[in-house]
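data.txt follows (compact mmCIF, N, CA and C atoms):
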```txt
# COMPACT_ATOMS: atom_id res chain seq x y z
N MET A 127 1.59 -14.11 9.27
CA MET A 127 1.76 -13.85 7.85
C MET A 127 2.44 -15.06 7.22
N ASN A 128 1.98 -15.43 6.08
CA ASN A 128 2.52 -16.57 5.36
C ASN A 128 3.96 -16.28 4.91
N SER A 129 4.82 -17.29 5.00
CA SER A 129 6.23 -17.07 4.63
C SER A 129 6.38 -16.75 3.15
N LEU A 130 5.53 -17.31 2.31
CA LEU A 130 5.61 -17.01 0.88
C LEU A 130 5.20 -15.56 0.61
N ALA A 131 4.27 -15.03 1.39
CA ALA A 131 3.89 -13.63 1.23
C ALA A 131 5.05 -12.71 1.62
N ILE A 132 5.81 -13.11 2.62
CA ILE A 132 6.99 -12.33 3.01
C ILE A 132 8.03 -12.37 1.89
N VAL A 133 8.23 -13.53 1.30
CA VAL A 133 9.17 -13.66 0.18
C VAL A 133 8.71 -12.79 -0.98
N TYR A 134 7.43 -12.79 -1.28
CA TYR A 134 6.90 -11.95 -2.35
C TYR A 134 7.12 -10.47 -2.05
N SER A 135 6.94 -10.07 -0.79
CA SER A 135 7.15 -8.67 -0.41
C SER A 135 8.61 -8.27 -0.59
N VAL A 136 9.53 -9.15 -0.21
CA VAL A 136 10.95 -8.86 -0.38
C VAL A 136 11.30 -8.80 -1.86
N ILE A 137 10.77 -9.72 -2.65
CA ILE A 137 11.02 -9.71 -4.09
C ILE A 137 10.45 -8.44 -4.71
N SER A 138 9.30 -8.00 -4.22
CA SER A 138 8.71 -6.77 -4.73
C SER A 138 9.62 -5.57 -4.47
N LEU A 139 10.17 -5.49 -3.28
CA LEU A 139 11.07 -4.38 -2.96
C LEU A 139 12.37 -4.46 -3.76
N LEU A 140 12.91 -5.66 -3.93
CA LEU A 140 14.13 -5.81 -4.72
C LEU A 140 13.88 -5.48 -6.19
N THR A 141 12.72 -5.85 -6.70
CA THR A 141 12.35 -5.52 -8.07
C THR A 141 12.24 -4.00 -8.24
N LEU A 142 11.64 -3.36 -7.26
CA LEU A 142 11.52 -1.90 -7.31
C LEU A 142 12.90 -1.25 -7.27
N ALA A 143 13.78 -1.77 -6.42
CA ALA A 143 15.13 -1.19 -6.32
C ALA A 143 15.91 -1.36 -7.63
N ALA A 144 15.83 -2.55 -8.22
CA ALA A 144 16.54 -2.78 -9.48
C ALA A 144 15.96 -1.92 -10.61
N GLY A 145 14.65 -1.79 -10.63
CA GLY A 145 14.02 -0.96 -11.66
C GLY A 145 14.35 0.52 -11.51
N LEU A 146 14.39 0.99 -10.27
CA LEU A 146 14.73 2.40 -10.07
C LEU A 146 16.20 2.66 -10.36
N ALA A 147 17.06 1.68 -10.09
CA ALA A 147 18.47 1.85 -10.46
C ALA A 147 18.62 1.90 -11.97
N ALA A 148 17.85 1.07 -12.69
CA ALA A 148 17.88 1.12 -14.15
C ALA A 148 17.33 2.45 -14.65
N TRP A 149 16.31 2.98 -13.97
CA TRP A 149 15.76 4.28 -14.35
C TRP A 149 16.80 5.38 -14.14
N TYR A 150 17.59 5.25 -13.08
CA TYR A 150 18.64 6.24 -12.81
C TYR A 150 19.63 6.30 -13.97
N TYR A 151 19.94 5.14 -14.56
CA TYR A 151 20.90 5.11 -15.66
C TYR A 151 20.30 5.55 -16.99
N THR A 152 19.01 5.27 -17.20
CA THR A 152 18.42 5.54 -18.51
C THR A 152 17.60 6.83 -18.55
N SER A 153 17.09 7.28 -17.43
CA SER A 153 16.18 8.43 -17.35
C SER A 153 14.94 8.22 -18.23
N SER A 154 14.53 6.97 -18.36
CA SER A 154 13.36 6.63 -19.17
C SER A 154 12.15 6.48 -18.25
N ARG A 155 11.09 7.24 -18.55
CA ARG A 155 9.89 7.16 -17.71
C ARG A 155 9.24 5.79 -17.81
N SER A 156 9.37 5.13 -18.95
CA SER A 156 8.74 3.82 -19.08
C SER A 156 9.41 2.78 -18.19
N VAL A 157 10.70 2.90 -17.97
CA VAL A 157 11.39 1.99 -17.06
C VAL A 157 10.94 2.24 -15.63
N ALA A 158 10.76 3.51 -15.25
CA ALA A 158 10.28 3.83 -13.91
C ALA A 158 8.86 3.32 -13.71
N PHE A 159 8.01 3.52 -14.72
CA PHE A 159 6.64 3.03 -14.62
C PHE A 159 6.61 1.51 -14.53
N LEU A 160 7.44 0.85 -15.32
CA LEU A 160 7.50 -0.60 -15.29
C LEU A 160 7.94 -1.11 -13.93
N SER A 161 8.90 -0.44 -13.31
CA SER A 161 9.36 -0.89 -12.00
C SER A 161 8.27 -0.71 -10.94
N PHE A 162 7.58 0.43 -10.97
CA PHE A 162 6.49 0.64 -10.02
C PHE A 162 5.35 -0.34 -10.26
N PHE A 163 4.97 -0.53 -11.50
CA PHE A 163 3.89 -1.45 -11.83
C PHE A 163 4.25 -2.88 -11.42
N GLY A 164 5.47 -3.30 -11.71
CA GLY A 164 5.89 -4.65 -11.35
C GLY A 164 5.90 -4.87 -9.85
N SER A 165 6.36 -3.88 -9.12
CA SER A 165 6.40 -3.99 -7.67
C SER A 165 5.00 -4.09 -7.08
N VAL A 166 4.09 -3.24 -7.54
CA VAL A 166 2.72 -3.26 -7.04
C VAL A 166 2.02 -4.57 -7.43
N ALA A 167 2.27 -5.05 -8.63
CA ALA A 167 1.64 -6.29 -9.07
C ALA A 167 2.11 -7.49 -8.23
N ILE A 168 3.38 -7.53 -7.90
CA ILE A 168 3.87 -8.64 -7.07
C ILE A 168 3.31 -8.52 -5.65
N LEU A 169 3.16 -7.30 -5.15
CA LEU A 169 2.51 -7.13 -3.85
C LEU A 169 1.04 -7.57 -3.91
N PHE A 170 0.40 -7.33 -5.03
CA PHE A 170 -0.98 -7.77 -5.23
C PHE A 170 -1.05 -9.30 -5.21
N ALA A 171 -0.07 -9.95 -5.81
CA ALA A 171 -0.01 -11.41 -5.75
C ALA A 171 0.21 -11.89 -4.32
N ALA A 172 1.00 -11.15 -3.54
CA ALA A 172 1.20 -11.50 -2.13
C ALA A 172 -0.12 -11.38 -1.36
N TYR A 173 -0.93 -10.42 -1.73
CA TYR A 173 -2.26 -10.30 -1.11
C TYR A 173 -3.10 -11.54 -1.39
N PHE A 174 -3.05 -12.05 -2.61
CA PHE A 174 -3.80 -13.26 -2.93
C PHE A 174 -3.28 -14.46 -2.17
N ILE A 175 -1.98 -14.48 -1.87
CA ILE A 175 -1.44 -15.56 -1.06
C ILE A 175 -2.02 -15.50 0.35
N GLN A 176 -2.10 -14.29 0.89
CA GLN A 176 -2.60 -14.12 2.26
C GLN A 176 -4.07 -14.47 2.38
N THR A 177 -4.87 -14.09 1.40
CA THR A 177 -6.32 -14.30 1.49
C THR A 177 -6.76 -15.67 1.02
N HIS A 178 -5.86 -16.43 0.41
CA HIS A 178 -6.16 -17.77 -0.12
C HIS A 178 -7.32 -17.74 -1.12
N THR A 179 -7.40 -16.69 -1.91
CA THR A 179 -8.39 -16.61 -2.98
C THR A 179 -7.66 -16.54 -4.31
N GLN A 180 -8.23 -17.15 -5.29
CA GLN A 180 -7.68 -17.16 -6.65
C GLN A 180 -6.19 -17.49 -6.63
N GLU A 181 -5.89 -18.68 -6.17
CA GLU A 181 -4.49 -19.08 -5.99
C GLU A 181 -3.71 -19.16 -7.29
N GLN A 182 -4.40 -19.29 -8.42
CA GLN A 182 -3.68 -19.33 -9.69
C GLN A 182 -3.04 -17.98 -10.01
N LEU A 183 -3.57 -16.91 -9.47
CA LEU A 183 -2.99 -15.59 -9.71
C LEU A 183 -1.69 -15.39 -8.96
N THR A 184 -1.41 -16.24 -7.97
CA THR A 184 -0.17 -16.08 -7.20
C THR A 184 1.06 -16.40 -8.03
N TYR A 185 0.91 -17.14 -9.09
CA TYR A 185 2.06 -17.41 -9.97
C TYR A 185 1.87 -16.82 -11.37
N VAL A 186 0.65 -16.52 -11.76
CA VAL A 186 0.43 -15.94 -13.08
C VAL A 186 0.88 -14.48 -13.12
N ILE A 187 0.57 -13.72 -12.08
CA ILE A 187 0.94 -12.30 -12.04
C ILE A 187 2.46 -12.13 -12.07
N PRO A 188 3.23 -12.82 -11.21
CA PRO A 188 4.69 -12.67 -11.30
C PRO A 188 5.27 -13.15 -12.63
N PHE A 189 4.65 -14.15 -13.25
CA PHE A 189 5.15 -14.59 -14.55
C PHE A 189 4.94 -13.52 -15.61
N MET A 190 3.80 -12.83 -15.56
CA MET A 190 3.57 -11.73 -16.50
C MET A 190 4.56 -10.59 -16.27
N ILE A 191 4.86 -10.32 -15.01
CA ILE A 191 5.85 -9.28 -14.70
C ILE A 191 7.23 -9.73 -15.18
N PHE A 192 7.53 -11.02 -15.06
CA PHE A 192 8.78 -11.55 -15.61
C PHE A 192 8.86 -11.29 -17.10
N ALA A 193 7.76 -11.54 -17.80
CA ALA A 193 7.75 -11.33 -19.25
C ALA A 193 7.96 -9.86 -19.61
N LEU A 194 7.34 -8.96 -18.85
CA LEU A 194 7.51 -7.53 -19.12
C LEU A 194 8.96 -7.09 -18.89
N PHE A 195 9.53 -7.48 -17.76
CA PHE A 195 10.90 -7.10 -17.46
C PHE A 195 11.90 -7.75 -18.42
N ALA A 196 11.67 -9.01 -18.76
CA ALA A 196 12.59 -9.70 -19.67
C ALA A 196 12.55 -9.07 -21.06
N GLY A 197 11.37 -8.71 -21.53
CA GLY A 197 11.26 -8.06 -22.83
C GLY A 197 11.98 -6.73 -22.87
N ARG A 198 11.83 -5.96 -21.79
CA ARG A 198 12.51 -4.68 -21.72
C ARG A 198 14.03 -4.87 -21.62
N ALA A 199 14.46 -5.88 -20.84
CA ALA A 199 15.90 -6.15 -20.70
C ALA A 199 16.51 -6.59 -22.02
N ILE A 200 15.79 -7.40 -22.77
CA ILE A 200 16.30 -7.84 -24.08
C ILE A 200 16.38 -6.65 -25.04
N GLY A 201 15.36 -5.79 -25.01
CA GLY A 201 15.37 -4.62 -25.88
C GLY A 201 16.50 -3.66 -25.56
N ILE A 202 16.69 -3.37 -24.29
CA ILE A 202 17.79 -2.49 -23.91
C ILE A 202 19.13 -3.16 -24.13
N GLY A 203 19.17 -4.48 -23.93
CA GLY A 203 20.41 -5.22 -24.19
C GLY A 203 20.80 -5.18 -25.66
N TYR A 204 19.81 -5.25 -26.54
CA TYR A 204 20.10 -5.15 -27.96
C TYR A 204 20.60 -3.76 -28.33
N ARG A 205 20.00 -2.74 -27.70
CA ARG A 205 20.48 -1.37 -27.94
C ARG A 205 21.87 -1.15 -27.37
N SER A 206 22.24 -1.93 -26.34
CA SER A 206 23.55 -1.74 -25.72
C SER A 206 24.68 -2.24 -26.62
N LEU A 207 24.36 -2.95 -27.70
CA LEU A 207 25.41 -3.35 -28.63
C LEU A 207 26.04 -2.13 -29.29
N LYS A 208 25.24 -1.08 -29.49
CA LYS A 208 25.77 0.15 -30.07
C LYS A 208 26.06 1.20 -29.00
N ASP A 209 25.29 1.19 -27.93
CA ASP A 209 25.43 2.15 -26.83
C ASP A 209 25.93 1.42 -25.59
N LYS A 210 27.20 1.41 -25.35
CA LYS A 210 27.79 0.63 -24.25
C LYS A 210 27.26 1.01 -22.86
N PRO A 211 26.92 2.29 -22.58
CA PRO A 211 26.42 2.61 -21.24
C PRO A 211 25.07 1.96 -20.90
N LEU A 212 24.38 1.43 -21.88
CA LEU A 212 23.09 0.79 -21.61
C LEU A 212 23.24 -0.65 -21.12
N ARG A 213 24.46 -1.12 -21.00
CA ARG A 213 24.68 -2.49 -20.53
C ARG A 213 24.22 -2.66 -19.08
N VAL A 214 24.51 -1.69 -18.24
CA VAL A 214 24.15 -1.79 -16.82
C VAL A 214 22.62 -1.82 -16.63
N PRO A 215 21.84 -0.94 -17.26
CA PRO A 215 20.38 -1.05 -17.10
C PRO A 215 19.82 -2.36 -17.62
N SER A 216 20.44 -2.89 -18.67
CA SER A 216 19.98 -4.17 -19.20
C SER A 216 20.19 -5.28 -18.17
N VAL A 217 21.32 -5.27 -17.51
CA VAL A 217 21.59 -6.28 -16.49
C VAL A 217 20.66 -6.10 -15.29
N LEU A 218 20.40 -4.86 -14.91
CA LEU A 218 19.50 -4.60 -13.78
C LEU A 218 18.08 -5.07 -14.07
N LEU A 219 17.59 -4.80 -15.27
CA LEU A 219 16.25 -5.27 -15.63
C LEU A 219 16.21 -6.78 -15.78
N GLY A 220 17.31 -7.36 -16.25
CA GLY A 220 17.39 -8.82 -16.30
C GLY A 220 17.34 -9.43 -14.90
N THR A 221 17.99 -8.78 -13.95
CA THR A 221 17.94 -9.24 -12.56
C THR A 221 16.53 -9.14 -12.01
N ALA A 222 15.85 -8.04 -12.30
CA ALA A 222 14.46 -7.89 -11.85
C ALA A 222 13.56 -8.94 -12.47
N SER A 223 13.82 -9.28 -13.73
CA SER A 223 12.99 -10.30 -14.37
C SER A 223 13.25 -11.67 -13.75
N LEU A 224 14.49 -11.96 -13.40
CA LEU A 224 14.77 -13.24 -12.74
C LEU A 224 14.17 -13.31 -11.35
N LEU A 225 14.11 -12.18 -10.65
CA LEU A 225 13.44 -12.15 -9.35
C LEU A 225 11.95 -12.46 -9.51
N ALA A 226 11.33 -11.86 -10.52
CA ALA A 226 9.91 -12.12 -10.76
C ALA A 226 9.68 -13.57 -11.17
N LEU A 227 10.62 -14.13 -11.94
CA LEU A 227 10.50 -15.55 -12.31
C LEU A 227 10.62 -16.43 -11.08
N GLY A 228 11.53 -16.08 -10.18
CA GLY A 228 11.65 -16.83 -8.93
C GLY A 228 10.38 -16.78 -8.11
N ALA A 229 9.72 -15.62 -8.10
CA ALA A 229 8.44 -15.52 -7.39
C ALA A 229 7.38 -16.39 -8.06
N ALA A 230 7.36 -16.42 -9.38
CA ALA A 230 6.39 -17.23 -10.09
C ALA A 230 6.61 -18.72 -9.82
N VAL A 231 7.85 -19.14 -9.82
CA VAL A 231 8.15 -20.55 -9.55
C VAL A 231 7.78 -20.90 -8.11
N ALA A 232 8.10 -20.02 -7.17
CA ALA A 232 7.75 -20.27 -5.77
C ALA A 232 6.25 -20.34 -5.59
N GLY A 233 5.52 -19.47 -6.26
CA GLY A 233 4.06 -19.50 -6.18
C GLY A 233 3.47 -20.75 -6.80
N PHE A 234 4.07 -21.20 -7.89
CA PHE A 234 3.58 -22.41 -8.55
C PHE A 234 3.83 -23.64 -7.71
N VAL A 235 4.98 -23.71 -7.07
CA VAL A 235 5.29 -24.85 -6.22
C VAL A 235 4.37 -24.87 -5.00
N ASN A 236 4.05 -23.69 -4.49
CA ASN A 236 3.21 -23.60 -3.30
C ASN A 236 1.73 -23.86 -3.61
N ALA A 237 1.29 -23.60 -4.83
CA ALA A 237 -0.14 -23.71 -5.16
C ALA A 237 -0.62 -25.13 -5.26
```

What is this file in structure tokens?
Amino acid sequence: MNSLAIVYSVISLLTLAAGLAAWYYTSSRSVAFLSFFGSVAILFAAYFIQTHTQEQLTYVIPFMIFALFAGRAIGIGYRSLKDKPLRVPSVLLGTASLLALGAAVAGFVNA
């Protein structure tokens, strides 16, 4: 198994864990769906790394997941200015977005 695919798999699990922790704090179904979707999408990118097909998708997919998580983190972060308990989910989603960005950068360097 390619070492980058292993890194993508670990990032996928960490993204899922951070998203589910944010879901625990917010009880928002959209956050849970986003975490599952992001995790599966990064695993899909790991599949493309393994098969050596469509190598541009190995960094485009994680970058799109980064954009989704970052947008949600910014939105929840803005709401946390009035609702202080939303600060923790905002940080968790920001962490997940940085993990996805790290996957995108690693995929781009490897491609």

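In this comparison, which uses only N, CA and C atoms, the residue of A:Ala148, A:Ala232, A:Ala131, A:Leu212 approaching Phe174 (chain A) most closely is A:Ala131.
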
What's the 8 Å shell around Glu181 (chain A), counting all atoms listed in the file, without same-chain residues fewer than 6 positions away, as a list in words?
Phe174, Ile175, Gly233 and Ala237 of chain A

Requested write-out: N, CA and C atoms of the selected residues, as an mmCIF file, in the frame of the given file:
```cif
data_model
loop_
_atom_site.group_PDB
_atom_site.id
_atom_site.type_symbol
_atom_site.label_atom_id
_atom_site.label_comp_id
_atom_site.auth_asym_id
_atom_site.auth_seq_id
_atom_site.Cartn_x
_atom_site.Cartn_y
_atom_site.Cartn_z
ATOM 1 N N PHE A 174 -3.050 -12.050 -2.610
ATOM 2 C CA PHE A 174 -3.800 -13.260 -2.930
ATOM 3 C C PHE A 174 -3.280 -14.460 -2.170
ATOM 4 N N ILE A 175 -1.980 -14.480 -1.870
ATOM 5 C CA ILE A 175 -1.440 -15.560 -1.060
ATOM 6 C C ILE A 175 -2.020 -15.500 0.350
ATOM 7 N N GLY A 233 5.520 -19.470 -6.260
ATOM 8 C CA GLY A 233 4.060 -19.500 -6.180
ATOM 9 C C GLY A 233 3.470 -20.750 -6.800
ATOM 10 N N ALA A 237 1.290 -23.600 -4.830
ATOM 11 C CA ALA A 237 -0.140 -23.710 -5.160
ATOM 12 C C ALA A 237 -0.620 -25.130 -5.260
#
```

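Atom C of Arg213 (chain A) to CA of Ala226 (chain A) spans 19.1 Å [interatomic distance, one decimal].
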
Fewer than 4 positions away in the same chain doesn't count, so skip those; otherwise give me all residues within 10 Å of Val214 (chain A), counting only C-alpha atoms, as number ranges by chain.
A: 147-148, 151-152, 202-203, 206, 210, 218-220

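If you measure from each of A:Val166, A:Ala172, A:Ile200, A:Val157 to Ile132 (chain A) using all atoms listed in the file, the closest one turns out to be A:Ala172.
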
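For the pair CA of Val231 (chain A) and CA of Ser216 (chain A), the separation is 22.4 Å.
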
Output, as JSON, the centre and edge lengths in Å (one decimal) of the axis-aligned box that contains all listed atoms of region 177-183 of chain A with 8 Å of margin on each side.
```
{"center_x": -5.0, "center_y": -16.7, "center_z": -4.3, "size_x": 22.7, "size_y": 21.2, "size_z": 27.5}
```

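In this comparison, which uses only C-alpha atoms, the residue of A:Ser154, A:Ser223, A:Asn128, A:Asn236 approaching Leu183 (chain A) most closely is A:Asn236.
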
Nearest residue to Gly145 (chain A) from the set A:Ala222, A:Leu207, A:Ile168, A:Ile191 (distances using all atoms listed in the file)
A:Ala222

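Rounded to one decimal, CA of Gly197 (chain A) and atom N of Leu224 (chain A) lie 10.7 Å from each other.
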
Kindly indicate which residue among A:Thr221, A:Tyr204, A:Ala171, A:Ser129 lies nearest to Pro188 (chain A), using all atoms listed in the file for the distances.
A:Ala171

Only C-alpha atoms, as an mmCIF file, in the first residue's frame: that is what I want for region 146-163 of chain A.
```cif
data_model
loop_
_atom_site.group_PDB
_atom_site.id
_atom_site.type_symbol
_atom_site.label_atom_id
_atom_site.label_comp_id
_atom_site.auth_asym_id
_atom_site.auth_seq_id
_atom_site.Cartn_x
_atom_site.Cartn_y
_atom_site.Cartn_z
ATOM 1 C CA LEU A 146 -18.383 13.722 15.075
ATOM 2 C CA ALA A 147 -17.051 15.556 18.118
ATOM 3 C CA ALA A 148 -18.395 18.798 16.633
ATOM 4 C CA TRP A 149 -21.706 17.041 16.001
ATOM 5 C CA TYR A 150 -21.771 15.973 19.653
ATOM 6 C CA TYR A 151 -21.554 19.628 20.706
ATOM 7 C CA THR A 152 -23.996 21.052 18.157
ATOM 8 C CA SER A 153 -26.469 18.184 17.543
ATOM 9 C CA SER A 154 -26.657 19.456 13.965
ATOM 10 C CA ARG A 155 -27.387 16.806 11.337
ATOM 11 C CA SER A 156 -25.611 18.848 8.692
ATOM 12 C CA VAL A 157 -22.363 18.724 10.671
ATOM 13 C CA ALA A 158 -22.694 14.933 10.995
ATOM 14 C CA PHE A 159 -23.407 14.591 7.283
ATOM 15 C CA LEU A 160 -20.474 16.837 6.445
ATOM 16 C CA SER A 161 -18.116 14.764 8.574
ATOM 17 C CA PHE A 162 -19.254 11.489 6.991
ATOM 18 C CA PHE A 163 -19.138 12.942 3.482
#
```
